[in-house]
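Okay, my_file_13.pdb now, which holds PDB, C-alpha atoms:
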ATOM      1  CA  ALA A  10     126.315  65.301  64.521
ATOM      2  CA  TYR A  11     124.697  68.440  63.127
ATOM      3  CA  SER A  12     122.815  66.473  60.455
ATOM      4  CA  ILE A  13     121.560  63.998  63.077
ATOM      5  CA  ILE A  14     120.252  66.824  65.292
ATOM      6  CA  GLY A  15     118.745  68.528  62.244
ATOM      7  CA  ASN A  16     116.951  65.321  61.208
ATOM      8  CA  GLN A  17     115.673  64.809  64.752
ATOM      9  CA  GLU A  18     114.336  68.356  64.856
ATOM     10  CA  LEU A  19     112.705  67.918  61.438
ATOM     11  CA  HIS A  20     111.095  64.648  62.557
ATOM     12  CA  LEU A  21     109.764  66.202  65.791
ATOM     13  CA  CYS A  22     108.396  69.247  63.960
ATOM     14  CA  TYR A  23     106.713  66.970  61.412
ATOM     15  CA  LYS A  24     105.103  64.728  64.032
ATOM     16  CA  TYR A  25     104.298  67.407  66.626
ATOM     17  CA  PRO A  26     103.544  71.170  66.652
ATOM     18  CA  ILE A  27     106.700  73.326  66.559
ATOM     19  CA  VAL A  28     105.717  74.868  69.896
ATOM     20  CA  TYR A  29     106.951  71.697  71.663
ATOM     21  CA  TRP A  30     110.429  71.962  70.157
ATOM     22  CA  ASN A  31     110.633  75.671  70.984
ATOM     23  CA  THR A  32     109.546  74.977  74.556
ATOM     24  CA  ALA A  33     112.162  72.247  74.918
ATOM     25  CA  ASN A  34     114.886  74.664  73.832
ATOM     26  CA  LEU A  35     113.743  77.246  76.368
ATOM     27  CA  ILE A  36     113.654  74.620  79.134
ATOM     28  CA  VAL A  37     117.259  73.602  78.418
ATOM     29  CA  ASP A  38     118.464  77.224  78.207
ATOM     30  CA  SER A  39     116.761  78.131  81.488
ATOM     31  CA  GLY A  40     118.077  75.058  83.323
ATOM     32  CA  SER A  41     114.519  74.295  84.416
ATOM     33  CA  LEU A  42     114.550  70.535  83.984
ATOM     34  CA  GLU A  43     112.553  69.226  86.913
ATOM     35  CA  ASN A  44     113.494  66.265  89.094
ATOM     36  CA  THR A  45     117.215  66.644  88.449
ATOM     37  CA  ALA A  46     119.794  66.132  91.182
ATOM     38  CA  LYS A  47     121.456  69.485  90.533
ATOM     39  CA  SER A  48     119.695  72.344  88.830
ATOM     40  CA  LYS A  49     121.490  73.933  85.907
ATOM     41  CA  SER A  50     122.159  77.676  86.064
ATOM     42  CA  THR A  51     119.951  79.884  83.915
ATOM     43  CA  ASN A  52     121.415  81.271  80.695
ATOM     44  CA  TYR A  53     119.442  84.497  80.312
ATOM     45  CA  GLY A  54     121.252  85.445  77.109
ATOM     46  CA  LYS A  55     120.177  82.221  75.393
ATOM     47  CA  ILE A  56     116.624  82.619  76.675
ATOM     48  CA  ALA A  57     116.383  86.163  75.297
ATOM     49  CA  THR A  58     117.720  85.069  71.896
ATOM     50  CA  SER A  59     115.385  82.060  71.738
ATOM     51  CA  ILE A  60     112.333  84.094  72.742
ATOM     52  CA  ALA A  61     113.087  86.748  70.114
ATOM     53  CA  LYS A  62     113.223  84.051  67.395
ATOM     54  CA  ILE A  63     110.079  82.325  68.651
ATOM     55  CA  GLN A  64     108.095  85.573  68.830
ATOM     56  CA  LYS A  65     109.297  86.540  65.357
ATOM     57  CA  ALA A  66     107.895  83.249  64.088
ATOM     58  CA  GLY A  67     104.499  84.157  65.553
ATOM     59  CA  THR A  68     104.418  82.130  68.775
ATOM     60  CA  LYS A  69     103.237  84.087  71.807
ATOM     61  CA  ILE A  70     105.161  83.996  75.085
ATOM     62  CA  GLU A  71     102.751  84.384  78.004
ATOM     63  CA  LEU A  72     103.742  86.124  81.233
ATOM     64  CA  PRO A  73     104.585  83.858  84.206
ATOM     65  CA  LEU A  74     101.301  84.416  86.016
ATOM     66  CA  VAL A  75     101.598  83.554  89.676
ATOM     67  CA  ASN A  76      98.651  81.110  89.578
ATOM     68  CA  GLU A  77      99.476  79.588  86.178
ATOM     69  CA  ALA A  78     103.228  79.438  85.479
ATOM     70  CA  GLN A  79     105.137  76.224  86.162
ATOM     71  CA  PHE A  80     108.748  75.592  87.166
ATOM     72  CA  GLY A  81     109.805  75.298  83.514
ATOM     73  CA  PHE A  82     108.442  76.684  80.248
ATOM     74  CA  THR A  83     105.077  75.116  79.379
ATOM     75  CA  PRO A  84     103.658  74.643  75.848
ATOM     76  CA  ASP A  85     100.060  75.319  74.881
ATOM     77  CA  ALA A  86      99.824  73.773  71.404
ATOM     78  CA  LYS A  87      96.119  74.528  71.007
ATOM     79  CA  ASN A  88      96.732  78.291  71.183
ATOM     80  CA  ASP A  89     100.311  78.214  69.798
ATOM     81  CA  ARG A  90     101.833  79.832  72.864
ATOM     82  CA  ILE A  91     104.358  79.147  75.617
ATOM     83  CA  PHE A  92     103.956  80.050  79.272
ATOM     84  CA  TYR A  93     107.103  81.645  80.694
ATOM     85  CA  SER A  94     108.965  79.732  83.401
ATOM     86  CA  LEU A  95     109.171  80.774  87.066
ATOM     87  CA  LYS A  96     112.723  79.380  87.121
ATOM     88  CA  GLY A  97     113.546  81.575  84.122
ATOM     89  CA  ILE A  98     112.919  84.815  86.042
ATOM     90  CA  ASN A  99     116.133  86.601  86.975
ATOM     91  CA  GLY A 100     116.839  86.260  90.704
ATOM     92  CA  ILE A 101     114.280  83.486  91.269
ATOM     93  CA  GLY A 102     115.865  80.168  92.157
ATOM     94  CA  ASP A 103     114.461  76.655  92.435
ATOM     95  CA  GLU A 104     113.338  77.034  96.049
ATOM     96  CA  VAL A 105     111.277  80.173  95.448
ATOM     97  CA  ALA A 106     109.736  78.747  92.269
ATOM     98  CA  TYR A 107     108.542  75.649  94.129
ATOM     99  CA  LEU A 108     107.330  77.744  97.088
ATOM    100  CA  ILE A 109     105.105  79.735  94.738
ATOM    101  CA  ILE A 110     103.749  76.589  93.065
ATOM    102  CA  ASN A 111     103.151  74.640  96.286
ATOM    103  CA  ASN A 112     101.253  77.475  98.008
ATOM    104  CA  ARG A 113      98.709  78.072  95.250
ATOM    105  CA  PRO A 114      96.125  79.377  94.657
ATOM    106  CA  TYR A 115      96.453  83.076  95.491
ATOM    107  CA  LYS A 116      93.248  85.101  95.730
ATOM    108  CA  SER A 117      94.887  88.496  95.225
ATOM    109  CA  PHE A 118      98.177  90.400  95.288
ATOM    110  CA  GLU A 119      97.549  91.212  98.940
ATOM    111  CA  ASP A 120      96.955  87.522  99.696
ATOM    112  CA  PHE A 121     100.303  86.623  98.099
ATOM    113  CA  CYS A 122     102.129  89.305 100.114
ATOM    114  CA  THR A 123     100.524  88.206 103.375
ATOM    115  CA  ARG A 124     101.455  84.556 102.881
ATOM    116  CA  MET A 125     104.856  84.896 101.200
ATOM    117  CA  ILE A 126     106.360  88.282 102.175
ATOM    118  CA  GLU A 127     105.099  88.820 105.705
ATOM    119  CA  THR A 128     106.162  85.265 106.573
ATOM    120  CA  LYS A 129     109.585  85.975 104.994
ATOM    121  CA  LEU A 130     109.342  82.964 102.681
ATOM    122  CA  ILE A 131     110.254  85.296  99.807
ATOM    123  CA  LYS A 132     112.692  88.223 100.034
ATOM    124  CA  THR A 133     111.666  91.732  99.023
ATOM    125  CA  SER A 134     114.327  91.734  96.267
ATOM    126  CA  GLN A 135     112.810  88.540  94.805
ATOM    127  CA  MET A 136     109.340  90.052  95.043
ATOM    128  CA  VAL A 137     110.500  93.037  93.004
ATOM    129  CA  GLN A 138     111.692  90.642  90.285
ATOM    130  CA  LEU A 139     108.348  88.803  90.288
ATOM    131  CA  ILE A 140     106.463  92.078  89.882
ATOM    132  CA  LYS A 141     108.757  93.227  87.059
ATOM    133  CA  ALA A 142     108.208  89.878  85.300
ATOM    134  CA  GLY A 143     104.442  90.507  85.263
ATOM    135  CA  CYS A 144     103.529  87.661  87.638
ATOM    136  CA  PHE A 145     100.663  89.625  89.185
ATOM    137  CA  THR A 146      99.053  91.071  86.054
ATOM    138  CA  GLU A 147      96.149  88.646  86.505
ATOM    139  CA  PHE A 148      95.191  90.786  89.526
ATOM    140  CA  GLU A 149      96.307  94.217  88.271
ATOM    141  CA  PRO A 150      97.367  94.749  84.619
ATOM    142  CA  ASP A 151      99.392  97.864  85.513
ATOM    143  CA  ILE A 152     102.814  96.648  86.714
ATOM    144  CA  PHE A 153     103.782 100.145  87.876
ATOM    145  CA  ALA A 154     100.711 100.339  90.128
ATOM    146  CA  THR A 155     101.558  96.959  91.664
ATOM    147  CA  MET A 156     105.184  97.975  92.211
ATOM    148  CA  LYS A 157     104.115 101.241  93.864
ATOM    149  CA  GLN A 158     101.739  99.354  96.154
ATOM    150  CA  PHE A 159     104.459  96.913  97.204
ATOM    151  CA  ILE A 160     107.206  99.514  97.717
ATOM    152  CA  THR A 161     104.891 101.782  99.715
ATOM    153  CA  LYS A 162     103.881  99.011 102.111
ATOM    154  CA  TYR A 163     106.982  96.816 102.413
ATOM    155  CA  ILE A 164     110.074  98.860 101.501
ATOM    156  CA  LEU A 165     109.551 102.526 102.353
ATOM    157  CA  SER A 166     109.099 103.565 105.966
ATOM    158  CA  PRO A 167     106.427 106.271 106.266
ATOM    159  CA  CYS A 168     107.530 109.544 107.905
ATOM    160  CA  THR A 169     105.681 110.264 111.141
ATOM    161  CA  SER A 170     107.356 113.656 111.655
ATOM    162  CA  LEU A 171     109.263 116.139 109.519
ATOM    163  CA  GLY A 172     112.805 116.747 110.727
ATOM    164  CA  LEU A 173     115.539 118.882 109.201
ATOM    165  CA  GLN A 174     117.031 115.890 107.368
ATOM    166  CA  GLN A 175     113.741 115.164 105.578
ATOM    167  CA  PHE A 176     113.144 118.886 105.048
ATOM    168  CA  ASN A 177     116.535 119.355 103.337
ATOM    169  CA  ARG A 178     115.907 116.369 101.068
ATOM    170  CA  MET A 179     112.512 117.753 100.101
ATOM    171  CA  VAL A 180     114.098 121.111  99.247
ATOM    172  CA  LYS A 181     116.706 119.401  97.036
ATOM    173  CA  LEU A 182     114.034 117.333  95.290
ATOM    174  CA  ASN A 183     111.898 120.453  94.819
ATOM    175  CA  VAL A 184     108.742 118.748  96.086
ATOM    176  CA  ILE A 185     107.578 121.415  98.552
ATOM    177  CA  PRO A 186     104.312 123.028  97.377
ATOM    178  CA  GLU A 187     104.339 126.654  96.275
ATOM    179  CA  LYS A 188     102.141 127.752  99.183
ATOM    180  CA  LEU A 189     104.783 126.509 101.663
ATOM    181  CA  GLN A 190     107.791 128.134  99.997
ATOM    182  CA  GLU A 191     107.775 130.886 102.641
ATOM    183  CA  SER A 192     108.816 128.218 105.171
ATOM    184  CA  VAL A 193     111.883 127.471 103.053
ATOM    185  CA  SER A 194     112.780 131.172 102.975
ATOM    186  CA  ILE A 195     112.439 131.458 106.769
ATOM    187  CA  LYS A 196     114.677 128.430 107.302
ATOM    188  CA  ASN A 197     117.299 129.754 104.881
ATOM    189  CA  PHE A 198     117.269 133.182 106.574
ATOM    190  CA  LYS A 199     117.689 131.592 110.020
ATOM    191  CA  GLU A 200     120.704 129.625 108.782
ATOM    192  CA  TYR A 201     122.187 132.808 107.328
ATOM    193  CA  VAL A 202     121.698 134.783 110.551
ATOM    194  CA  LEU A 203     123.174 132.071 112.782
ATOM    195  CA  HIS A 204     126.046 131.029 110.517
ATOM    196  CA  LYS A 205     129.431 131.579 112.210
ATOM    197  CA  ASP A 206     130.788 133.509 109.220
ATOM    198  CA  GLY A 207     127.587 135.381 108.449
ATOM    199  CA  LEU A 208     125.367 137.981 110.082
ATOM    200  CA  PHE A 209     125.755 136.571 113.605
ATOM    201  CA  LYS A 210     129.527 137.012 113.718
ATOM    202  CA  SER A 211     129.518 140.428 112.085
ATOM    203  CA  TYR A 212     126.624 142.183 113.779
ATOM    204  CA  VAL A 213     125.427 140.387 116.911
ATOM    205  CA  ASP A 214     127.035 141.348 120.207
ATOM    206  CA  PRO A 215     127.917 138.141 122.107
TER     207      PRO A 215
END
Could you rewrite the structure in this file as structure tokens?
Amino acid sequence: AYSIIGNQELHLCYKYPIVYWNTANLIVDSGSLENTAKSKSTNYGKIATSIAKIQKAGTKIELPLVNEAQFGFTPDAKNDRIFYSLKGINGIGDEVAYLIINNRPYKSFEDFCTRMIETKLIKTSQMVQLIKAGCFTEFEPDIFATMKQFITKYILSPCTSLGLQQFNRMVKLNVIPEKLQESVSIKNFKEYVLHKDGLFKSYVDP
């Protein structure tokens, strides 16, 4: 059986560019065969191993750009490269992959968020995975900047007022500016004076 597979691979590599064989292996490992009754689960370990071998051989693996990537891995023989699969992204299932493809094109990162996040078609956890995979680098090359933009708008709730709970957390994180450190001292002194076992109990007449 091994010799048969080896001969088949040799024949394919002789007749066609090796990038097609490498892409086929990645498609099988990622379970991204389209038009199948039941999608195969993604084997991320196999994908990582295959990609390492392919890159070592000189073939480039392109990021799964949100306007370019397909459901499965896609070969580009002319430029000896393979476009990463949407299905192959950790945490992104068949439904989300097809949602992204069927709603193209996207004009910007903000356009994608408006149409896919604000409508709740895609979960915030899945969006984080898409950003980490580099899907939006066609709009902004800096992944960290994109992640900060998304987290600030869709995950973190902005503080409209500063209560003691937020104040205490800021003190622990040491993010209060030097010019406001006197406020921290005043708060600490007040707590000391009013503490049941401190100055209040010992020196203040009830």
Step by step, work through what the PyMOL selection byres ((chain A and resi 128-144) around 7) selects in the shown file, and finish by giving those residues as a ChimeraX atom specification. /A:72-75,98-101,105,124-127,145-146,152,156
Show me a table, sorted first by chain and then by increasing residue number, of the residues of region 75-136 of chain A having an atom at most 12 Å from region 52-62 of chain A, each with its shortest atom pair and the distance in Å to one decimal, counting all atoms listed in the file and written as CSV.
residue,atom,partner,partner_atom,distance
A:Phe82,CA,A:Ile56,CA,10.7
A:Arg90,CA,A:Ile60,CA,11.3
A:Ile91,CA,A:Ile60,CA,9.8
A:Phe92,CA,A:Ile60,CA,11.4
A:Tyr93,CA,A:Ile60,CA,9.8
A:Ser94,CA,A:Ile56,CA,10.6
A:Lys96,CA,A:Tyr53,CA,10.8
A:Gly97,CA,A:Tyr53,CA,7.6
A:Ile98,CA,A:Tyr53,CA,8.7
A:Asn99,CA,A:Tyr53,CA,7.7
A:Gly100,CA,A:Tyr53,CA,10.9
Interatomic distance (Å, one decimal) between CA of Ile63 (chain A) and CA of Leu108 (chain A):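 Interatomic distance here is 28.9 Å.
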Counting only C-alpha atoms, the option among A:Leu95, A:Ile160, A:Ala154, A:Val193 closest to Lys181 (chain A):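 That would be A:Val193, the residue with the smallest distance to Lys181 (chain A).
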How many Å lie between CA of Glu200 (chain A) and CA of Arg178 (chain A), rounded to one decimal?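 Answer for the CA of Glu200 (chain A) to CA of Arg178 (chain A) separation: 16.1 Å.
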Report, in Å to a single decimal, how far apart CA of Thr155 (chain A) and CA of Pro114 (chain A) are.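 Distance reported for this atom pair: 18.6 Å.
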List the neighbours of Val180 (chain A) out to 12 Å using only C-alpha atoms; skip same-chain residues closer than 4 positions along the sequence, and give me the result as a list in words.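 The neighbour list is Leu173, Gln174, Gln175, Phe176, Val184, Ile185, Pro186, Glu187, Leu189, Gln190, Ser192, Val193, Ser194, Lys196 and Asn197 of chain A.
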